[in-house]
Amino acid sequence: MSALENIEEVLKSHKLSMDEYAHIKEILKREPNLVEIGIFSAMWSEHCSYKSSKKYLNGFPVSAPWVIQGPGENAGVIDAGEGIAAVFKMESHNHPSFIEPFQGAATGVGGILRDVFTMGARPVANLNSLRFGEVEGSSDSAKYQRHLVRGVVEGIGSYGNCMGVPTIGGEISFDASYNGNILVNAFALGLVKKEDIFLGVAEGMGNPVIYVGSKTGRDGLGGAVMSSDSFTEESKSLRPTVQVGDPFTEKLLLEACLELFKTDHVVGIQDMGAAGLTSSSFEMAGKTGAGMIMHLDKVPAREEGMTPYEFMLSESQERMLICAKKGSEQAIIDIYNKWGLDCAVIGEVTDTGRMELFWHGEKCADMPIAPVSEEAPILDRPTKRPAYLDAVNQKSLADFAKVANQEAFEKLLASLEIVDKAWVYEQYDSMVQTNTIKRPGSLDASVIRIKENGRALAMSSDCNPRYCYIDPFKGAALAVVESGRNVAMSGARPLAITDCLNFGNPENPEVMWQFAQCCEGIKEACKELETPVVSGNVSLYNETNGVSVYPTPAIAMVGLNDDARNVLTSSFKKAGNLLLLVGKTKGAFGGSLYIKELYGETCGTLEGIDYTAEARLWEFVIKANKKGLLQSAKDLSMGGIAIALTKMAALSNKGVKAEIALDDPRWIFDETQSRAIIEVAPEDAQKVAATARDLGLHIESLGEVTDEGFRLNDVSMELSALQDVYFNQFAKTIEQDL
């Protein structure tokens with residue numbers, strides 16, 4: 001194990017500082033070799049160690065009576081009733097998707113599915129949260145962004161469809177801040193019996209360590225380290241650091257693992273995700289204080305002449321590491337071989353607390369596990385309130401020339417933020433497994449039934465980056481609020497979140513301030529609404545040539561409905577039914593779609609969040625739905641009352657006749673929180689209004705469902721024209737080069 005020459009160059013290429021190198025020498029009590037440097041580099045990378053973010057993640061609310069497993073495992077777990085548990089997590093695959101959109105997005109889906117089934121759960125639903133730059137127009141940038149949209153959507157669809165896991169919903173938005181860095185966040189949820197949950201642990205001296213899945217190649221080398229740096233023009237040639245996925249192999253791996261889980265051979269199992277064999281082995285042993293010996297020459301290889309360094313740091317896909325019970329080796333090999341997968345005993349658990357790696361009988365690395373796992377530097381990076389905030393917070397709706405409501409309505413209706421995304425979700429199989437109740441495009445949360453207990457799980461992914469840009473604290477809190485409100489609109493009780501925190505360069509004090517504020521906002525909202533964080537992911541360095549993305553803390557909320565037959569939808573049911581508005585309209589335009597679409601700016605301030613009113617709104621909809629009093633419900637968010645009614649009308653092929661008295665005519669587009677539109681049969685209106693008032697909620701008449709046309713105050717449109725824009729605008733934009 002010889003010492004390294006040109007140490008400055010080696011450290012630079014591994015994104016390690018001289019201070020970190022000094023700490024490494026202290027830990028090893030000697031100079032490291034290249035394999036050890038590679039391992040430290042991966043384990044102490046931003047992606048694996050959360051060194052810039054850990055300080056702010058501490059203190060997230062993580063427990064509740066329904067939480068079975070919080071952060072720290074492959075995925076979070078909540079109780080879904082009658083012995084069934086829901087396992088879920090969200091992960092980013094931003095950098096790889098920008099470099100190679102199809103494979104980057106596909107392997108993002110593959111990785112999150114492994115996070116779920118390594119816990120013993122069969123994946124039953126996918127969501128995704130996507131952000132792209134500006135796609136409209138004929139500029140080179142817009143053309144490239146459209147190419148990225150097409151590649152990412154194809155990659156997600158290809159992998160999920162091959163795996164037979166339905167993609168049931170998600171969100172997609174566009175802003176110039178993502179021109180240099182798109183965001184691709186993938187969410188998966190699986191179901192498992194409570195007693196069959198598996199954890200990523202290695203323990204029991206002499207127990208075998210077994211490698212299963214695909215062979216290891218050189219793809220993805222340095223992927224975790226790549227995610228710890230910003231992009232420049234040269235970064236676009238980083239294709240070798242993007243993994244290549246094979247969903248057919250993953251499908252076999254899923255079935256083989258689920259078959260293995262029915263035996264009692266497994267002590268622990270871990271997905272090989274970021275940093276591959278390094279992170280999986282160190283994390284499994286680190287959780288129990290065990291040691292491990294691994295013989296890297298026994299790892300199945302896909303390429304000739306691979307080195308120990310490459311075996312430890314490759315991010316080849318579709319691989320798992322198992323700690324098994326001694327004596328069960330052959331039984332496990334037989335299961336994986338039956339499914340046509342590689343399976344090799346590559347090491348064993350020891351009691352030394354050290355990771356000892358061998359190459360053809362010769363020791364090539366020897367490191368104490370705990371410090372590598374636990375002594376990654378926790379950085380206290382400087383923070384500074386961004387200079388831009390003063391200017392953007394000073395502006396308000398009053399600073400802009402008035403636009404007639406009809407003109408504004410037509411502009412907002414055609415916004416890519418608003419129109420139906422069938423072009424995206426029709427590439428995804430949303431009905432496979434036959435449990436989908438609320439599909440993509442059906443507004444608000446997506447819902448699946450739990451066949452085993454007759455209940456339903458609702459889930460929604462949300463974040464408004466414009467809100468987070470003008471007020472990171474409230475913007476992040478509102479992402480939690482909005483995702484919860486969407487779930488409640490389906491009649492389900494919101495229970496827990498997973499998050500994907502996407503930010504720019506943490507070496508910029510203004511970005512770290514945004515991050516810190518967003519974390520505090522999430523903590524406040526989760527605590528107030530009793531929706532703890534059970535899993536999540538941080539993605540930093542989303543910056544190109546010094547331009548960072550808007551702070552984008554994507555939140556996926558999961559909730560439970562006790563009866564799968566009583567799921568509330570968001571489209572009108574019958575002409576003659578009454579429309580009621582729950583919640584007060586206050587004229588909130590900070591960070592609104594209205595100001596962005598009409599005036600091209602993101603500015604203003606956000607009002608205070610009334611968590612009591614929000615919780616009562618959820619309670620009201622859940623309660624009234626249980627009593628069978630509601631025909632449909634839709635929360636109010638982007639574009640306010642006007643756009644919510646538009647979407648409901650387009651989707652249901654029914655008209656609207658509505659009238660509301662407001663302090664300013666433009667308030668039909670305002671984005672005041674904690675509001676919803678509900679549809680009720682005329683005979684139930686009194687009962688519904690009484691239920692709302694009992695909870696202290698403001699409720700007023702808005703109008704009625706009709707058979708034709710859209711009318712709201714001074715805005716009108718024929719239903720066919722409205723539907724033409726709503727259903728066709730997106731495809732026209734994204735396919736204009738083809």
# chains A, B, ... in the order shown; residues from 1 in each chain; ligands from 1
$ select_by_dssp --residues "range 154-376 of chain A" --states "alpha helix (DSSP H)" --output "VMD selection string"
chain A and resid 154 to 163 223 to 226 247 to 260 276 to 286 308 to 313 329 to 338 369 to 374
$ residues_around --residues "Ala476 in chain A" --least-positions-apart "3" --cutoff "6 Å" --atoms "only C-alpha atoms" --output "PyMOL selection string"
chain A and resi 472-473+479+518+521-522
$ write_last_selection --atoms "N, CA, C and O atoms" --output "PDB file, in the first residue's frame"
ATOM      1  N   PRO A 472     -37.662  32.014   1.304  1.00  0.00           N
ATOM      2  CA  PRO A 472     -37.341  30.581   1.443  1.00  0.00           C
ATOM      3  C   PRO A 472     -38.032  29.907   2.631  1.00  0.00           C
ATOM      4  O   PRO A 472     -38.481  28.765   2.509  1.00  0.00           O
ATOM      5  N   PHE A 473     -38.160  30.586   3.749  1.00  0.00           N
ATOM      6  CA  PHE A 473     -38.792  29.983   4.934  1.00  0.00           C
ATOM      7  C   PHE A 473     -40.254  29.644   4.652  1.00  0.00           C
ATOM      8  O   PHE A 473     -40.684  28.500   4.747  1.00  0.00           O
ATOM      9  N   ALA A 479     -44.717  24.457   0.667  1.00  0.00           N
ATOM     10  CA  ALA A 479     -44.610  23.210  -0.110  1.00  0.00           C
ATOM     11  C   ALA A 479     -45.186  22.048   0.707  1.00  0.00           C
ATOM     12  O   ALA A 479     -45.883  21.180   0.179  1.00  0.00           O
ATOM     13  N   CYS A 518     -35.122  27.371   4.326  1.00  0.00           N
ATOM     14  CA  CYS A 518     -36.069  26.353   3.846  1.00  0.00           C
ATOM     15  C   CYS A 518     -36.207  25.223   4.859  1.00  0.00           C
ATOM     16  O   CYS A 518     -37.318  24.749   5.121  1.00  0.00           O
ATOM     17  N   GLY A 521     -38.395  26.302   7.633  1.00  0.00           N
ATOM     18  CA  GLY A 521     -39.793  26.362   7.191  1.00  0.00           C
ATOM     19  C   GLY A 521     -40.433  24.981   7.162  1.00  0.00           C
ATOM     20  O   GLY A 521     -41.579  24.790   7.596  1.00  0.00           O
ATOM     21  N   ILE A 522     -39.675  23.987   6.681  1.00  0.00           N
ATOM     22  CA  ILE A 522     -40.187  22.603   6.640  1.00  0.00           C
ATOM     23  C   ILE A 522     -40.420  22.098   8.057  1.00  0.00           C
ATOM     24  O   ILE A 522     -41.456  21.489   8.357  1.00  0.00           O
TER      25      ILE A 522
END
$ residues_around --residues "His147 in chain A" --least-positions-apart "5" --cutoff "10 Å" --atoms "only C-alpha atoms" --output "VMD selection string"
chain A and resid 101 135 141 to 142 152 734 to 735 737 to 738
$ residues_around --residues "Glu708 in chain A" --least-positions-apart "2" --cutoff "10 Å" --atoms "only C-alpha atoms" --output "list in words"
Ala575, Ala649, Asn653, Lys654, Gly655, Val656, Lys657, Val705, Thr706, Phe710, Arg711, Met717, Glu718, Leu719 and Ser720 of chain A
$ write_last_selection --atoms "N, CA, C and O atoms" --output "PDB file, in the first residue's frame"
ATOM      1  N   ALA A 575     -74.421  18.835 -13.717  1.00  0.00           N
ATOM      2  CA  ALA A 575     -74.971  20.188 -13.891  1.00  0.00           C
ATOM      3  C   ALA A 575     -76.066  20.408 -12.852  1.00  0.00           C
ATOM      4  O   ALA A 575     -76.850  19.510 -12.556  1.00  0.00           O
ATOM      5  N   ALA A 649     -63.462  22.324 -14.940  1.00  0.00           N
ATOM      6  CA  ALA A 649     -64.383  22.350 -16.082  1.00  0.00           C
ATOM      7  C   ALA A 649     -63.805  21.557 -17.259  1.00  0.00           C
ATOM      8  O   ALA A 649     -64.489  20.724 -17.861  1.00  0.00           O
ATOM      9  N   ASN A 653     -65.602  18.157 -18.643  1.00  0.00           N
ATOM     10  CA  ASN A 653     -66.418  18.507 -19.806  1.00  0.00           C
ATOM     11  C   ASN A 653     -67.756  19.113 -19.378  1.00  0.00           C
ATOM     12  O   ASN A 653     -68.793  18.861 -19.961  1.00  0.00           O
ATOM     13  N   LYS A 654     -67.693  19.901 -18.313  1.00  0.00           N
ATOM     14  CA  LYS A 654     -68.892  20.595 -17.818  1.00  0.00           C
ATOM     15  C   LYS A 654     -68.559  22.087 -17.696  1.00  0.00           C
ATOM     16  O   LYS A 654     -67.398  22.473 -17.535  1.00  0.00           O
ATOM     17  N   GLY A 655     -69.594  22.896 -17.735  1.00  0.00           N
ATOM     18  CA  GLY A 655     -69.408  24.332 -17.652  1.00  0.00           C
ATOM     19  C   GLY A 655     -69.509  24.860 -16.231  1.00  0.00           C
ATOM     20  O   GLY A 655     -69.788  24.119 -15.286  1.00  0.00           O
ATOM     21  N   VAL A 656     -69.280  26.168 -16.105  1.00  0.00           N
ATOM     22  CA  VAL A 656     -69.332  26.839 -14.804  1.00  0.00           C
ATOM     23  C   VAL A 656     -70.022  28.180 -14.970  1.00  0.00           C
ATOM     24  O   VAL A 656     -69.762  28.903 -15.940  1.00  0.00           O
ATOM     25  N   LYS A 657     -70.883  28.487 -14.018  1.00  0.00           N
ATOM     26  CA  LYS A 657     -71.450  29.834 -13.957  1.00  0.00           C
ATOM     27  C   LYS A 657     -71.190  30.309 -12.532  1.00  0.00           C
ATOM     28  O   LYS A 657     -71.792  29.788 -11.583  1.00  0.00           O
ATOM     29  N   VAL A 705     -72.472  24.280 -11.352  1.00  0.00           N
ATOM     30  CA  VAL A 705     -71.990  23.523 -12.506  1.00  0.00           C
ATOM     31  C   VAL A 705     -73.078  23.590 -13.575  1.00  0.00           C
ATOM     32  O   VAL A 705     -74.263  23.484 -13.269  1.00  0.00           O
ATOM     33  N   THR A 706     -72.660  23.812 -14.843  1.00  0.00           N
ATOM     34  CA  THR A 706     -73.637  23.868 -15.942  1.00  0.00           C
ATOM     35  C   THR A 706     -73.246  22.855 -17.020  1.00  0.00           C
ATOM     36  O   THR A 706     -72.254  22.143 -16.877  1.00  0.00           O
ATOM     37  N   PHE A 710     -67.885  28.622 -19.847  1.00  0.00           N
ATOM     38  CA  PHE A 710     -67.192  28.991 -18.613  1.00  0.00           C
ATOM     39  C   PHE A 710     -67.448  30.466 -18.351  1.00  0.00           C
ATOM     40  O   PHE A 710     -67.144  31.317 -19.185  1.00  0.00           O
ATOM     41  N   ARG A 711     -68.043  30.766 -17.187  1.00  0.00           N
ATOM     42  CA  ARG A 711     -68.314  32.160 -16.820  1.00  0.00           C
ATOM     43  C   ARG A 711     -67.904  32.380 -15.369  1.00  0.00           C
ATOM     44  O   ARG A 711     -68.372  31.681 -14.479  1.00  0.00           O
ATOM     45  N   MET A 717     -65.490  31.967 -21.595  1.00  0.00           N
ATOM     46  CA  MET A 717     -64.895  31.245 -22.719  1.00  0.00           C
ATOM     47  C   MET A 717     -65.763  30.044 -23.041  1.00  0.00           C
ATOM     48  O   MET A 717     -66.325  29.426 -22.131  1.00  0.00           O
ATOM     49  N   GLU A 718     -65.853  29.725 -24.325  1.00  0.00           N
ATOM     50  CA  GLU A 718     -66.573  28.511 -24.705  1.00  0.00           C
ATOM     51  C   GLU A 718     -65.786  27.306 -24.204  1.00  0.00           C
ATOM     52  O   GLU A 718     -64.550  27.310 -24.234  1.00  0.00           O
ATOM     53  N   LEU A 719     -66.495  26.278 -23.789  1.00  0.00           N
ATOM     54  CA  LEU A 719     -65.843  25.098 -23.211  1.00  0.00           C
ATOM     55  C   LEU A 719     -64.901  24.429 -24.210  1.00  0.00           C
ATOM     56  O   LEU A 719     -63.784  24.033 -23.849  1.00  0.00           O
ATOM     57  N   SER A 720     -65.299  24.345 -25.471  1.00  0.00           N
ATOM     58  CA  SER A 720     -64.455  23.669 -26.476  1.00  0.00           C
ATOM     59  C   SER A 720     -63.141  24.426 -26.673  1.00  0.00           C
ATOM     60  O   SER A 720     -62.073  23.827 -26.813  1.00  0.00           O
TER      61      SER A 720
END
$ closest_residue --among "A:Thr569, A:Thr383, A:Asn561, A:Ser535" --to "Ser63 in chain A" --atoms "only C-alpha atoms"
A:Ser535
$ closest_residue --among "A:Thr531, A:Asn33, A:Ser328, A:Thr436" --to "Pro308 in chain A" --atoms "only C-alpha atoms"
A:Asn33
$ closest_residue --among "A:Val345, A:Leu199, A:Ala391, A:Ala588" --to "Ile269 in chain A" --atoms "only C-alpha atoms"
A:Leu199
$ residues_around --residues "range 392-401 of chain A" --least-positions-apart "5" --cutoff "8 Å" --atoms "only C-alpha atoms" --output "ChimeraX atom specification"
/A:470,589-590,595,599,602-605
$ closest_residue --among "A:Thr585, A:Asn542, A:Thr498, A:Gln514" --to "Ala556 in chain A" --atoms "only C-alpha atoms"
A:Thr498
$ closest_residue --among "A:Pro368, A:Gly504, A:Gly600, A:Pro300" --to "Ile346 in chain A" --atoms "only C-alpha atoms"
A:Pro300
$ closest_atom_pairs --of "range 627-655 of chain A" --to "range 681-700 of chain A" --cutoff "8 Å" --atoms "only C-alpha atoms" --output "tab-separated table"
residue	atom	partner	partner_atom	distance
A:Leu629	CA	A:Asp684	CA	6.2
A:Leu630	CA	A:Ala681	CA	7.6
A:Gln631	CA	A:Ala681	CA	7.1
$ residues_around --residues "Ser571 in chain A" --least-positions-apart "6" --cutoff "9 Å" --atoms "only C-alpha atoms" --output "list in words"
Ser442, Leu443, Gln631, Ser632, Ala633, Lys634, Lys647, Met648, Ala649, Ala650, Leu651, Ser652, Asn653, Lys654 and Glu679 of chain A
$ closest_residue --among "A:Phe60, A:Phe515, A:Trp339, A:Tyr428" --to "Glu154 in chain A" --atoms "only C-alpha atoms"
A:Tyr428
$ atom_distance --atom1 "CA of Val192 in chain A" --atom2 "CA of Val424 in chain A"
29.5 Å
$ select_by_dssp --residues "range 169-279 of chain A" --states "strand (DSSP E or B)" --output "VMD selection string"
chain A and resid 169 to 174 183 to 193 208 to 213 216 231 266 to 271
$ residues_around --residues "Val149 in chain A" --least-positions-apart "3" --cutoff "12 Å" --atoms "only C-alpha atoms" --output "NGL selection string"
:A and (97-98 or 100-102 or 105 or 130-135 or 142-146 or 152-156 or 172-174 or 179 or 182-184 or 421 or 423-424 or 730-731 or 733-735)
$ atom_distance --atom1 "CA of Ile78 in chain A" --atom2 "CA of Asn185 in chain A"
21.0 Å
$ closest_atom_pairs --of "range 238-276 of chain A" --to "range 281-299 of chain A" --cutoff "9 Å" --atoms "only C-alpha atoms" --output "tab-separated table"
residue	atom	partner	partner_atom	distance
A:Gly268	CA	A:Met284	CA	7.7
A:Ile269	CA	A:Met284	CA	7.9
A:Gln270	CA	A:Met284	CA	7.1
A:Met272	CA	A:Ser281	CA	8.7
A:Gly276	CA	A:Ser281	CA	8.7
$ write_last_selection --atoms "N, CA, C and O atoms" --output "PDB file, in the first residue's frame"
ATOM      1  N   GLY A 268     -29.357  -8.588   6.833  1.00  0.00           N
ATOM      2  CA  GLY A 268     -29.582  -7.217   6.360  1.00  0.00           C
ATOM      3  C   GLY A 268     -29.296  -7.129   4.878  1.00  0.00           C
ATOM      4  O   GLY A 268     -28.607  -7.981   4.311  1.00  0.00           O
ATOM      5  N   ILE A 269     -29.843  -6.103   4.228  1.00  0.00           N
ATOM      6  CA  ILE A 269     -29.628  -5.932   2.784  1.00  0.00           C
ATOM      7  C   ILE A 269     -29.601  -4.450   2.459  1.00  0.00           C
ATOM      8  O   ILE A 269     -30.328  -3.654   3.062  1.00  0.00           O
ATOM      9  N   GLN A 270     -28.725  -4.074   1.525  1.00  0.00           N
ATOM     10  CA  GLN A 270     -28.553  -2.662   1.198  1.00  0.00           C
ATOM     11  C   GLN A 270     -28.411  -2.503  -0.312  1.00  0.00           C
ATOM     12  O   GLN A 270     -27.687  -3.264  -0.965  1.00  0.00           O
ATOM     13  N   MET A 272     -26.977  -0.841  -3.642  1.00  0.00           N
ATOM     14  CA  MET A 272     -25.746  -0.136  -4.022  1.00  0.00           C
ATOM     15  C   MET A 272     -26.137   1.056  -4.872  1.00  0.00           C
ATOM     16  O   MET A 272     -26.347   0.928  -6.077  1.00  0.00           O
ATOM     17  N   GLY A 276     -21.767   3.209  -4.755  1.00  0.00           N
ATOM     18  CA  GLY A 276     -21.750   1.770  -4.956  1.00  0.00           C
ATOM     19  C   GLY A 276     -21.378   0.890  -3.780  1.00  0.00           C
ATOM     20  O   GLY A 276     -21.968   0.961  -2.713  1.00  0.00           O
TER      21      GLY A 276
END
